[in-house]
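Peer 1: Following this line is final_33.csv, made up of CSV, C-alpha atoms:
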chain,number,residue,atom,x,y,z
A,176,MET,CA,1.5,-8.4,-6.2
A,177,ASN,CA,2.1,-6.0,-3.4
A,178,PHE,CA,-0.7,-3.6,-4.1
A,179,LEU,CA,-2.6,-3.4,-0.9
A,180,ARG,CA,-3.6,-5.3,2.2
A,181,LYS,CA,-7.2,-6.2,3.2
A,182,THR,CA,-8.4,-7.5,6.5
A,183,LEU,CA,-11.8,-8.8,7.3
A,184,ILE,CA,-13.1,-8.0,10.8
A,185,ALA,CA,-16.2,-9.7,12.3
A,186,LEU,CA,-18.3,-7.1,14.1
A,187,VAL,CA,-21.4,-8.9,15.4
A,188,ILE,CA,-22.4,-12.5,15.5
A,189,ILE,CA,-26.1,-13.3,16.3
A,190,ASN,CA,-26.5,-17.1,17.0
A,191,SER,CA,-26.6,-18.3,13.5
A,192,GLY,CA,-24.6,-19.6,10.6
A,193,VAL,CA,-26.4,-17.3,8.1
A,194,CYS,CA,-24.2,-14.6,6.7
A,195,ALA,CA,-25.2,-11.3,5.1
A,196,ALA,CA,-22.4,-10.2,2.7
A,197,ASN,CA,-22.1,-6.9,1.0
A,198,ALA,CA,-20.2,-5.9,-2.2
A,199,GLY,CA,-18.3,-3.3,-0.3
A,200,VAL,CA,-16.8,0.1,-1.1
A,201,ILE,CA,-14.4,0.8,-3.9
A,202,ILE,CA,-11.2,2.8,-3.3
A,203,GLY,CA,-9.9,4.9,-6.1
A,204,GLY,CA,-6.4,3.6,-6.2
A,205,THR,CA,-3.9,1.1,-4.8
A,206,ARG,CA,-1.5,3.6,-3.4
A,207,VAL,CA,-1.2,7.4,-2.8
A,208,ILE,CA,1.8,9.3,-3.9
A,209,TYR,CA,1.9,12.6,-2.0
A,210,ASP,CA,3.6,15.2,-4.2
A,211,GLY,CA,5.8,17.4,-2.0
A,212,ASN,CA,5.1,20.3,-4.4
A,213,LYS,CA,1.4,20.2,-3.4
A,214,LYS,CA,-0.4,21.1,-0.2
A,215,GLU,CA,-2.4,17.8,0.0
A,216,ALA,CA,-3.1,14.5,-1.7
A,217,SER,CA,-6.5,12.8,-2.1
A,218,ILE,CA,-8.2,9.5,-2.8
A,219,SER,CA,-11.8,8.7,-3.6
A,220,VAL,CA,-14.1,6.2,-1.8
A,221,ASN,CA,-17.1,5.0,-3.7
A,222,ASN,CA,-20.1,3.0,-2.5
A,223,PRO,CA,-21.8,1.1,-5.3
A,224,ASP,CA,-23.7,-1.1,-2.8
A,225,SER,CA,-27.3,-0.9,-1.7
A,226,THR,CA,-26.1,-0.6,1.9
A,227,ALA,CA,-24.8,2.4,3.7
A,228,TYR,CA,-21.3,2.2,5.3
A,229,LEU,CA,-19.5,4.0,8.1
A,230,ILE,CA,-16.0,4.8,6.8
A,231,GLN,CA,-13.1,5.3,9.2
A,232,SER,CA,-9.7,6.3,7.9
A,233,TRP,CA,-6.3,6.8,9.6
A,234,ILE,CA,-2.6,6.8,8.8
A,235,GLU,CA,0.1,4.7,10.5
A,236,THR,CA,3.8,4.5,10.5
A,237,GLN,CA,5.5,1.6,8.7
A,238,ASN,CA,5.5,-0.7,11.8
A,239,GLY,CA,2.0,0.3,12.8
A,240,GLY,CA,3.2,1.3,16.3
A,241,ALA,CA,2.1,4.0,18.6
A,242,GLU,CA,4.3,6.6,16.9
A,243,LYS,CA,2.1,9.3,15.4
A,244,ALA,CA,2.2,9.8,11.6
A,245,PRO,CA,2.9,13.4,10.4
A,246,PHE,CA,-0.4,13.6,8.5
A,247,VAL,CA,-4.1,14.3,9.1
A,248,ILE,CA,-6.8,12.8,6.9
A,249,THR,CA,-10.2,14.5,6.5
A,250,PRO,CA,-12.9,13.4,7.0
A,251,PRO,CA,-11.6,10.7,9.4
A,252,LEU,CA,-15.1,9.3,10.0
A,253,TYR,CA,-18.3,9.6,7.9
A,254,ARG,CA,-21.3,7.9,6.6
A,255,LEU,CA,-21.2,6.8,2.9
A,256,ASP,CA,-24.8,6.2,1.6
A,257,PRO,CA,-25.6,3.9,-1.3
A,258,THR,CA,-24.3,5.1,-4.8
A,259,GLN,CA,-22.4,8.0,-3.1
A,260,GLN,CA,-18.7,9.0,-3.4
A,261,ASN,CA,-16.5,10.9,-1.1
A,262,VAL,CA,-13.0,12.3,-1.5
A,263,GLU,CA,-10.6,12.0,1.4
A,264,ARG,CA,-7.9,14.7,1.7
A,265,ILE,CA,-4.5,13.9,3.2
A,266,ILE,CA,-2.5,16.9,4.6
A,267,LEU,CA,1.1,16.9,5.8
A,268,THR,CA,1.3,18.3,9.3
A,269,GLY,CA,4.9,17.5,10.3
A,270,THR,CA,8.4,17.5,8.9
A,271,LEU,CA,9.8,14.7,6.6
A,272,PRO,CA,13.1,14.2,4.9
A,273,GLN,CA,13.4,16.2,1.7
A,274,ASP,CA,16.1,14.1,0.0
A,275,LYS,CA,14.2,10.8,-0.1
A,276,GLU,CA,10.8,9.2,-0.1
A,277,SER,CA,9.0,8.2,3.1
A,278,LEU,CA,6.6,5.4,3.5
A,279,TYR,CA,3.4,5.2,5.6
A,280,TRP,CA,0.1,3.2,5.6
A,281,LEU,CA,-3.3,4.6,4.8
A,282,ASN,CA,-6.0,2.5,6.4
A,283,ILE,CA,-9.6,2.7,5.3
A,284,LYS,CA,-12.2,0.6,7.2
A,285,ALA,CA,-15.7,0.1,5.8
A,286,ILE,CA,-18.3,-0.9,8.4
A,287,PRO,CA,-21.7,-1.9,6.9
A,288,SER,CA,-24.9,-0.6,8.5
A,289,ALA,CA,-26.7,-3.1,10.7
A,290,PRO,CA,-29.4,-5.0,8.9
A,291,LYS,CA,-32.9,-4.9,10.4
A,292,LYS,CA,-33.1,-8.6,10.9
A,293,ASP,CA,-31.6,-11.3,13.0
A,294,ASN,CA,-29.3,-14.2,12.1
A,295,THR,CA,-26.6,-12.1,10.4
A,296,LEU,CA,-22.9,-11.7,10.5
A,297,GLN,CA,-21.6,-8.2,10.0
A,298,ILE,CA,-18.2,-7.9,8.3
A,299,ALA,CA,-16.0,-4.8,8.3
A,300,VAL,CA,-13.3,-4.7,5.7
A,301,LYS,CA,-10.1,-2.8,6.4
A,302,THR,CA,-7.9,-1.9,3.4
A,303,SER,CA,-4.3,-0.7,3.9
A,304,LEU,CA,-2.6,1.2,1.1
A,305,LYS,CA,0.9,2.6,0.8
A,306,LEU,CA,1.1,6.3,1.3
A,307,ILE,CA,4.4,7.5,-0.1
A,308,TYR,CA,5.6,11.1,0.4
A,309,ARG,CA,7.8,12.2,-2.5
A,310,PRO,CA,9.7,15.5,-1.8
A,311,ALA,CA,9.7,18.3,-4.3
A,312,SER,CA,13.4,17.7,-4.9
A,313,LEU,CA,12.6,14.4,-6.6
A,314,LYS,CA,10.2,15.8,-9.1
A,315,GLY,CA,11.0,14.8,-12.7
A,316,THR,CA,12.0,11.2,-12.1
A,317,THR,CA,10.3,8.0,-10.9
A,318,PRO,CA,11.3,4.8,-9.1
A,319,GLU,CA,11.0,2.9,-12.4
A,320,GLU,CA,13.6,5.1,-13.9
A,321,GLN,CA,16.0,4.3,-11.0
A,322,ALA,CA,15.4,0.6,-10.7
A,323,GLU,CA,18.5,-0.4,-12.6
A,324,MET,CA,20.6,1.1,-9.7
A,325,LEU,CA,19.4,-1.7,-7.3
A,326,THR,CA,22.1,-4.2,-6.5
A,327,TRP,CA,21.5,-7.9,-5.8
A,328,SER,CA,23.3,-10.7,-3.9
A,329,VAL,CA,22.7,-14.0,-2.2
A,330,VAL,CA,23.0,-14.3,1.5
A,331,GLY,CA,22.4,-17.8,2.8
A,332,ASN,CA,19.1,-19.0,1.4
A,333,GLN,CA,17.9,-15.5,0.8
A,334,ILE,CA,18.2,-12.9,-2.0
A,335,GLN,CA,19.3,-9.5,-0.8
A,336,VAL,CA,18.5,-6.2,-2.6
A,337,THR,CA,20.3,-2.9,-1.8
A,338,ASN,CA,18.6,0.3,-2.7
A,339,PRO,CA,21.0,3.3,-3.2
A,340,THR,CA,18.3,5.5,-4.7
A,341,HIS,CA,16.0,8.1,-3.0
A,342,PHE,CA,12.9,6.1,-3.9
A,343,VAL,CA,10.8,3.4,-2.2
A,344,MET,CA,11.1,0.4,-4.5
A,345,ASN,CA,7.9,-1.6,-4.5
A,346,PHE,CA,8.3,-5.0,-6.1
A,347,ASN,CA,5.7,-6.6,-8.3
A,348,GLU,CA,7.7,-9.8,-9.0
A,349,ILE,CA,11.1,-11.2,-8.6
A,350,THR,CA,12.3,-14.5,-10.2
A,351,VAL,CA,15.6,-16.3,-9.8
A,352,ALA,CA,16.7,-19.1,-12.2
A,353,GLY,CA,13.1,-19.0,-13.6
A,354,ARG,CA,11.5,-19.5,-10.2
A,355,LYS,CA,9.2,-17.0,-8.6
A,356,VAL,CA,10.3,-15.5,-5.3
A,357,GLU,CA,7.3,-15.5,-2.9
A,358,ASN,CA,6.2,-12.8,-0.6
A,359,VAL,CA,8.2,-9.9,-2.1
A,360,THR,CA,7.4,-6.5,-0.7
A,361,TYR,CA,9.6,-3.4,-1.0
A,362,VAL,CA,13.0,-1.9,-0.1
A,363,LEU,CA,13.3,1.6,1.4
A,364,PRO,CA,15.7,4.3,0.2
A,365,GLY,CA,19.3,3.7,1.4
A,366,SER,CA,18.3,0.3,2.8
A,367,THR,CA,18.4,-3.4,2.1
A,368,ALA,CA,15.7,-6.1,2.1
A,369,ARG,CA,15.8,-9.8,2.0
A,370,PHE,CA,13.4,-12.4,0.6
A,371,ASP,CA,13.5,-16.2,0.8
A,372,LEU,CA,14.8,-17.9,-2.3
A,373,PRO,CA,12.8,-20.7,-3.9
A,374,LYS,CA,13.8,-24.1,-2.5
A,375,GLY,CA,16.9,-25.5,-4.2
A,376,ILE,CA,17.9,-22.2,-5.8
A,377,HIS,CA,21.2,-20.6,-4.9
A,378,GLY,CA,21.6,-17.9,-7.6
A,379,GLY,CA,21.6,-17.4,-11.4
A,380,ASN,CA,19.8,-15.2,-13.8
A,381,ALA,CA,17.2,-13.0,-12.1
A,382,THR,CA,14.4,-10.7,-13.3
A,383,PHE,CA,12.3,-8.2,-11.4
A,384,THR,CA,9.6,-5.6,-11.9
A,385,VAL,CA,8.7,-2.7,-9.7
A,386,ILE,CA,5.3,-1.2,-9.3
A,387,ASN,CA,4.9,2.2,-10.9
A,388,ASP,CA,3.0,5.3,-9.6
A,389,TYR,CA,-0.2,4.0,-11.1
A,390,GLY,CA,-0.2,0.7,-9.3
A,391,GLY,CA,0.9,-1.4,-12.3
A,392,PRO,CA,4.1,-3.4,-13.0
A,393,GLY,CA,6.9,-1.6,-14.9
A,394,LYS,CA,9.2,-3.2,-17.4
A,395,ILE,CA,11.2,-6.3,-16.7
A,396,HIS,CA,14.7,-5.8,-15.5
A,397,ASN,CA,17.4,-8.4,-15.8
A,398,THR,CA,20.3,-9.1,-13.5
A,399,THR,CA,22.6,-11.9,-12.3
A,400,ILE,CA,23.1,-13.0,-8.7
Can you dump the structure from the file as C-alpha coordinates?
Peer 2:
Amino acid sequence: MNFLRKTLIALVIINSGVCAANAGVIIGGTRVIYDGNKKEASISVNNPDSTAYLIQSWIETQNGGAEKAPFVITPPLYRLDPTQQNVERIILTGTLPQDKESLYWLNIKAIPSAPKKDNTLQIAVKTSLKLIYRPASLKGTTPEEQAEMLTWSVVGNQIQVTNPTHFVMNFNEITVAGRKVENVTYVLPGSTARFDLPKGIHGGNATFTVINDYGGPGKIHNTTI
(Lines of atoms letter the chains of each structure in order from A and count residues from 1; the text may use other names and numbers.)
(Lines give C-alpha, C1' and ligand atoms only; values in the text may rest on other atoms or scores of the structure.)
Protein backbone atom coordinates (compact mmCIF):
# COMPACT_ATOMS: atom_id res chain seq x y z
CA MET A 1 0.00 0.00 0.00
CA ASN A 2 1.31 3.42 -0.93
CA PHE A 3 0.66 5.07 2.43
CA LEU A 4 4.00 6.59 3.34
CA ARG A 5 7.72 6.11 3.05
CA LYS A 6 10.10 5.56 5.96
CA THR A 7 13.88 5.77 5.90
CA LEU A 8 16.27 4.67 8.65
CA ILE A 9 19.32 6.89 9.04
CA ALA A 10 22.29 5.82 11.18
CA LEU A 11 23.59 8.83 13.10
CA VAL A 12 26.43 7.61 15.31
CA ILE A 13 28.25 4.29 15.61
CA ILE A 14 30.54 3.76 18.62
CA ASN A 15 32.74 0.66 18.10
CA SER A 16 30.19 -1.96 18.99
CA GLY A 17 27.60 -4.31 17.63
CA VAL A 18 25.22 -3.44 20.47
CA CYS A 19 22.17 -1.51 19.29
CA ALA A 20 19.82 0.72 21.31
CA ALA A 21 16.41 0.82 19.62
CA ASN A 22 13.50 3.12 20.41
CA ALA A 23 9.79 2.75 19.78
CA GLY A 24 9.77 6.05 17.89
CA VAL A 25 7.23 8.80 17.41
CA ILE A 26 3.71 8.33 16.07
CA ILE A 27 2.45 10.62 13.31
CA GLY A 28 -1.27 11.33 13.28
CA GLY A 29 -2.00 10.37 9.70
CA THR A 30 -0.65 8.78 6.54
CA ARG A 31 -1.26 11.84 4.35
CA VAL A 32 -2.27 15.48 4.65
CA ILE A 33 -5.07 16.93 2.52
CA TYR A 34 -4.71 20.71 2.45
CA ASP A 35 -8.20 22.16 2.01
CA GLY A 36 -7.95 25.26 -0.20
CA ASN A 37 -10.88 26.77 1.70
CA LYS A 38 -8.75 26.95 4.85
CA LYS A 39 -5.72 29.01 5.85
CA GLU A 40 -3.66 26.03 6.98
CA ALA A 41 -3.48 22.26 7.48
CA SER A 42 -2.08 20.41 10.46
CA ILE A 43 -0.78 17.04 11.62
CA SER A 44 0.05 15.76 15.10
CA VAL A 45 3.31 14.15 16.23
CA ASN A 46 3.17 12.07 19.41
CA ASN A 47 6.02 10.60 21.48
CA PRO A 48 4.90 7.54 23.49
CA ASP A 49 8.53 6.57 24.11
CA SER A 50 10.65 7.09 27.22
CA THR A 51 13.25 8.92 25.13
CA ALA A 52 13.12 12.53 23.99
CA TYR A 53 13.38 13.22 20.24
CA LEU A 54 14.49 16.10 18.10
CA ILE A 55 11.86 16.51 15.39
CA GLN A 56 12.78 18.11 12.07
CA SER A 57 10.12 18.70 9.40
CA TRP A 58 10.22 20.07 5.86
CA ILE A 59 8.28 19.94 2.58
CA GLU A 60 9.67 18.90 -0.80
CA THR A 61 8.48 18.92 -4.38
CA GLN A 62 7.55 15.62 -6.05
CA ASN A 63 11.07 14.90 -7.29
CA GLY A 64 12.75 16.09 -4.09
CA GLY A 65 14.94 18.51 -6.04
CA ALA A 66 16.23 21.96 -5.18
CA GLU A 67 12.99 23.66 -6.19
CA LYS A 68 11.38 25.28 -3.17
CA ALA A 69 7.91 24.09 -2.18
CA PRO A 70 5.30 26.87 -1.72
CA PHE A 71 4.64 25.98 1.93
CA VAL A 72 6.09 26.68 5.34
CA ILE A 73 5.79 24.30 8.25
CA THR A 74 5.90 25.40 11.86
CA PRO A 75 7.64 24.52 14.03
CA PRO A 76 10.29 23.14 11.65
CA LEU A 77 12.57 21.96 14.48
CA TYR A 78 11.70 21.18 18.10
CA ARG A 79 12.27 18.83 21.01
CA LEU A 80 9.52 16.34 21.77
CA ASP A 81 9.81 15.01 25.32
CA PRO A 82 8.49 11.60 26.46
CA THR A 83 4.66 11.30 26.44
CA GLN A 84 4.31 14.72 24.79
CA GLN A 85 2.42 15.64 21.61
CA ASN A 86 2.88 18.55 19.25
CA VAL A 87 0.86 19.82 16.30
CA GLU A 88 2.66 20.94 13.15
CA ARG A 89 0.98 23.62 11.07
CA ILE A 90 1.36 23.81 7.29
CA ILE A 91 0.72 27.16 5.61
CA LEU A 92 0.55 27.89 1.87
CA THR A 93 2.91 30.73 0.98
CA GLY A 94 2.87 30.60 -2.82
CA THR A 95 0.48 30.16 -5.72
CA LEU A 96 -0.81 26.79 -6.90
CA PRO A 97 -3.24 25.76 -9.67
CA GLN A 98 -6.84 26.23 -8.62
CA ASP A 99 -8.35 23.75 -11.10
CA LYS A 100 -6.54 20.58 -9.98
CA GLU A 101 -4.77 19.00 -7.01
CA SER A 102 -1.03 19.42 -6.46
CA LEU A 103 1.23 16.83 -4.82
CA TYR A 104 4.16 17.45 -2.46
CA TRP A 105 6.04 15.44 0.20
CA LEU A 106 5.94 16.20 3.91
CA ASN A 107 9.08 14.84 5.61
CA ILE A 108 9.28 14.32 9.38
CA LYS A 109 12.58 13.12 10.84
CA ALA A 110 12.76 11.89 14.44
CA ILE A 111 16.25 11.93 15.99
CA PRO A 112 16.53 10.21 19.40
CA SER A 113 18.43 11.90 22.20
CA ALA A 114 21.92 10.52 22.76
CA PRO A 115 22.00 7.82 25.46
CA LYS A 116 24.41 8.37 28.33
CA LYS A 117 26.36 5.19 27.65
CA ASP A 118 28.81 3.79 25.16
CA ASN A 119 28.35 0.98 22.67
CA THR A 120 25.18 2.30 21.03
CA LEU A 121 23.88 2.88 17.57
CA GLN A 122 21.58 5.87 17.15
CA ILE A 123 18.90 5.61 14.51
CA ALA A 124 16.92 8.50 13.04
CA VAL A 125 13.69 7.65 11.26
CA LYS A 126 12.51 9.85 8.40
CA THR A 127 8.87 9.49 7.39
CA SER A 128 7.64 10.91 4.08
CA LEU A 129 3.91 11.51 3.68
CA LYS A 130 1.98 12.87 0.75
CA LEU A 131 0.85 16.48 1.08
CA ILE A 132 -1.99 17.07 -1.37
CA TYR A 133 -3.29 20.59 -1.97
CA ARG A 134 -6.98 20.52 -2.93
CA PRO A 135 -8.28 23.82 -4.32
CA ALA A 136 -11.54 25.25 -3.05
CA SER A 137 -13.04 24.71 -6.51
CA LEU A 138 -12.92 20.92 -5.96
CA LYS A 139 -14.84 20.97 -2.71
CA GLY A 140 -17.78 18.57 -2.60
CA THR A 141 -16.21 15.62 -4.40
CA THR A 142 -13.33 13.21 -3.79
CA PRO A 143 -10.87 11.11 -5.83
CA GLU A 144 -12.85 7.97 -4.99
CA GLU A 145 -15.95 9.44 -6.65
CA GLN A 146 -13.98 10.16 -9.84
CA ALA A 147 -12.04 6.89 -10.05
CA GLU A 148 -14.32 5.36 -12.70
CA MET A 149 -13.11 8.05 -15.13
CA LEU A 150 -9.61 6.54 -15.27
CA THR A 151 -8.79 4.77 -18.54
CA TRP A 152 -6.50 1.75 -18.86
CA SER A 153 -4.43 0.15 -21.61
CA VAL A 154 -1.48 -2.18 -22.12
CA VAL A 155 1.74 -0.71 -23.51
CA GLY A 156 4.37 -3.40 -24.05
CA ASN A 157 4.81 -5.22 -20.75
CA GLN A 158 3.25 -2.41 -18.73
CA ILE A 159 -0.20 -1.27 -17.75
CA GLN A 160 -0.87 2.40 -18.47
CA VAL A 161 -3.44 4.47 -16.62
CA THR A 162 -4.63 7.88 -17.84
CA ASN A 163 -6.15 10.31 -15.37
CA PRO A 164 -8.50 12.89 -16.94
CA THR A 165 -9.73 14.08 -13.52
CA HIS A 166 -8.60 17.02 -11.37
CA PHE A 167 -7.49 14.71 -8.53
CA VAL A 168 -4.31 12.88 -7.61
CA MET A 169 -5.22 9.18 -7.75
CA ASN A 170 -3.25 7.17 -5.17
CA PHE A 171 -3.53 3.45 -5.81
CA ASN A 172 -3.89 0.94 -3.03
CA GLU A 173 -3.89 -2.11 -5.30
CA ILE A 174 -4.14 -3.06 -8.97
CA THR A 175 -4.68 -6.60 -10.26
CA VAL A 176 -4.72 -7.90 -13.83
CA ALA A 177 -6.05 -11.38 -14.66
CA GLY A 178 -6.11 -12.11 -10.95
CA ARG A 179 -2.44 -11.21 -10.47
CA LYS A 180 -1.28 -8.33 -8.31
CA VAL A 181 0.66 -5.51 -9.96
CA GLU A 182 3.68 -4.67 -7.81
CA ASN A 183 5.00 -1.24 -6.83
CA VAL A 184 1.92 0.77 -7.76
CA THR A 185 1.98 4.44 -6.77
CA TYR A 186 -0.18 7.24 -8.16
CA VAL A 187 -1.18 9.14 -11.27
CA LEU A 188 -1.35 12.93 -11.32
CA PRO A 189 -4.25 14.99 -12.72
CA GLY A 190 -4.20 15.15 -16.51
CA SER A 191 -1.29 12.70 -16.67
CA THR A 192 -0.48 9.05 -17.31
CA ALA A 193 1.45 6.51 -15.25
CA ARG A 194 2.81 3.06 -16.09
CA PHE A 195 3.41 0.01 -13.91
CA ASP A 196 5.03 -3.31 -14.83
CA LEU A 197 2.59 -6.12 -15.50
CA PRO A 198 3.06 -9.46 -13.73
CA LYS A 199 5.23 -11.82 -15.73
CA GLY A 200 3.26 -13.63 -18.44
CA ILE A 201 0.23 -11.31 -18.19
CA HIS A 202 -0.71 -9.26 -21.26
CA GLY A 203 -4.19 -8.06 -20.39
CA GLY A 204 -7.59 -9.24 -19.23
CA ASN A 205 -9.96 -8.35 -16.43
CA ALA A 206 -8.49 -5.84 -14.00
CA THR A 207 -9.45 -4.42 -10.63
CA PHE A 208 -8.12 -1.44 -8.73
CA THR A 209 -8.69 0.47 -5.51
CA VAL A 210 -7.64 4.02 -4.71
CA ILE A 211 -6.71 5.36 -1.29
CA ASN A 212 -9.30 7.68 0.21
CA ASP A 213 -8.73 10.89 2.19
CA TYR A 214 -8.48 8.91 5.41
CA GLY A 215 -5.64 6.71 4.20
CA GLY A 216 -7.71 3.57 3.64
CA PRO A 217 -8.66 1.70 0.46
CA GLY A 218 -11.88 2.59 -1.31
CA LYS A 219 -14.24 0.24 -3.11
CA ILE A 220 -13.05 -2.20 -5.76
CA HIS A 221 -13.38 -0.93 -9.33
CA ASN A 222 -13.50 -3.30 -12.30
CA THR A 223 -12.27 -2.74 -15.82
CA THR A 224 -10.87 -4.63 -18.81
CA ILE A 225 -7.58 -3.96 -20.56
Peer 1: Would you compute the distance between atom CA of Pro251 of chain A and atom CA of Ser232 of chain A? Give it in Å to one decimal.
Peer 2: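 We find that atom CA of Pro251 of chain A and atom CA of Ser232 of chain A lie 5.0 Å from each other.
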Peer 1: Name the residues in contact with segment 374-385 of chain A at a cut-off of 7 Å, using all atoms listed in the file, excluding same-chain residues fewer than 4 positions from it; report them as an mmCIF file with C-alpha atoms, keeping the file's coordinate frame.
Peer 2:
data_model
loop_
_atom_site.group_PDB
_atom_site.id
_atom_site.type_symbol
_atom_site.label_atom_id
_atom_site.label_comp_id
_atom_site.auth_asym_id
_atom_site.auth_seq_id
_atom_site.Cartn_x
_atom_site.Cartn_y
_atom_site.Cartn_z
ATOM 1 C CA GLU A 319 11.000 2.900 -12.400
ATOM 2 C CA VAL A 329 22.700 -14.000 -2.200
ATOM 3 C CA ASN A 332 19.100 -19.000 1.400
ATOM 4 C CA MET A 344 11.100 0.400 -4.500
ATOM 5 C CA ASN A 345 7.900 -1.600 -4.500
ATOM 6 C CA PHE A 346 8.300 -5.000 -6.100
ATOM 7 C CA ASN A 347 5.700 -6.600 -8.300
ATOM 8 C CA GLU A 348 7.700 -9.800 -9.000
ATOM 9 C CA ILE A 349 11.100 -11.200 -8.600
ATOM 10 C CA THR A 350 12.300 -14.500 -10.200
ATOM 11 C CA VAL A 351 15.600 -16.300 -9.800
ATOM 12 C CA ALA A 352 16.700 -19.100 -12.200
ATOM 13 C CA PRO A 392 4.100 -3.400 -13.000
ATOM 14 C CA GLY A 393 6.900 -1.600 -14.900
ATOM 15 C CA LYS A 394 9.200 -3.200 -17.400
ATOM 16 C CA ILE A 395 11.200 -6.300 -16.700
ATOM 17 C CA HIS A 396 14.700 -5.800 -15.500
ATOM 18 C CA ASN A 397 17.400 -8.400 -15.800
ATOM 19 C CA THR A 398 20.300 -9.100 -13.500
ATOM 20 C CA THR A 399 22.600 -11.900 -12.300
ATOM 21 C CA ILE A 400 23.100 -13.000 -8.700
#
Peer 1: Nearest to Gln231 of chain A: which of A:Lys213, A:Lys275, A:Lys284, A:Arg254 is it, counting only C-alpha atoms?
Peer 2: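 Closest residue, counting only C-alpha atoms: A:Lys284.
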Peer 1: In Å, how far is it from atom CA of Ile248 of chain A to atom CA of Tyr361 of chain A?
Peer 2: 24.4 Å
Peer 1: Rank nothing, just name the residue among A:Asp256, A:Glu276, A:Glu323, A:Glu263 nearest to Asp210 of chain A, using all atoms listed in the file.
Peer 2: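 Using all atoms listed in the file, Asp210 of chain A sits closest to A:Glu276.
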Peer 1: So that I can see what lies close to Leu306 of chain A, please list as a ChimeraX atom specification the residues with an atom at most 8 Å from it, counting all atoms listed in the file and leaving out residues fewer than 5 positions away in the same chain.
Peer 2: /A:206-209,278-281
Peer 1: May I have the residues from that selection written out with C-alpha atoms, as a PDB file, keeping the file's coordinate frame?
Peer 2:
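Output saved as part24.pdb:
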ATOM      1  CA  ARG A 206      -1.500   3.600  -3.400  1.00  0.00           C
ATOM      2  CA  VAL A 207      -1.200   7.400  -2.800  1.00  0.00           C
ATOM      3  CA  ILE A 208       1.800   9.300  -3.900  1.00  0.00           C
ATOM      4  CA  TYR A 209       1.900  12.600  -2.000  1.00  0.00           C
ATOM      5  CA  LEU A 278       6.600   5.400   3.500  1.00  0.00           C
ATOM      6  CA  TYR A 279       3.400   5.200   5.600  1.00  0.00           C
ATOM      7  CA  TRP A 280       0.100   3.200   5.600  1.00  0.00           C
ATOM      8  CA  LEU A 281      -3.300   4.600   4.800  1.00  0.00           C
TER       9      LEU A 281
END
Peer 1: Do a neighbour search on segment 337-343 of chain A at 9 Å with all atoms listed in the file, toss out local chain neighbours closer than 2 positions, and write the hits as a ChimeraX atom specification.
Peer 2: /A:274-278,307,309,313,317-318,321-322,324-328,335,345,361-368
Peer 1: Using all atoms listed in the file, pick whichever of A:Val330, A:Ile386, A:Leu304, A:Ile265 has the shortest atom-to-atom distance to Asp371 of chain A.
Peer 2: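 Closest to Asp371 of chain A of all the choices is A:Val330.
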Peer 1: Suppose you want the space between atom CA of Leu271 of chain A and atom CA of Asp388 of chain A; what is it in Å?
Peer 2: 19.9 Å
Peer 1: Restricting the calculation to only C-alpha atoms: of A:Asn212, A:Asn387, A:Ser303, A:Thr226, which residue gets closest to Ser288 of chain A?
Peer 2: A:Thr226
Peer 1: Would you please work out which residue, of A:Asn261, A:Phe246, A:Ala299, A:Ile202, is nearest to Glu215 of chain A when using all atoms listed in the file?
Peer 2: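 Closest residue, counting all atoms listed in the file: A:Phe246.
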Peer 1: Neighbours of Gly199 of chain A within 8 Å (all atoms listed in the file; same-chain residues fewer than 3 positions away dropped), as a PyMOL selection string?
Peer 2: chain A and resi 222-224+285+300
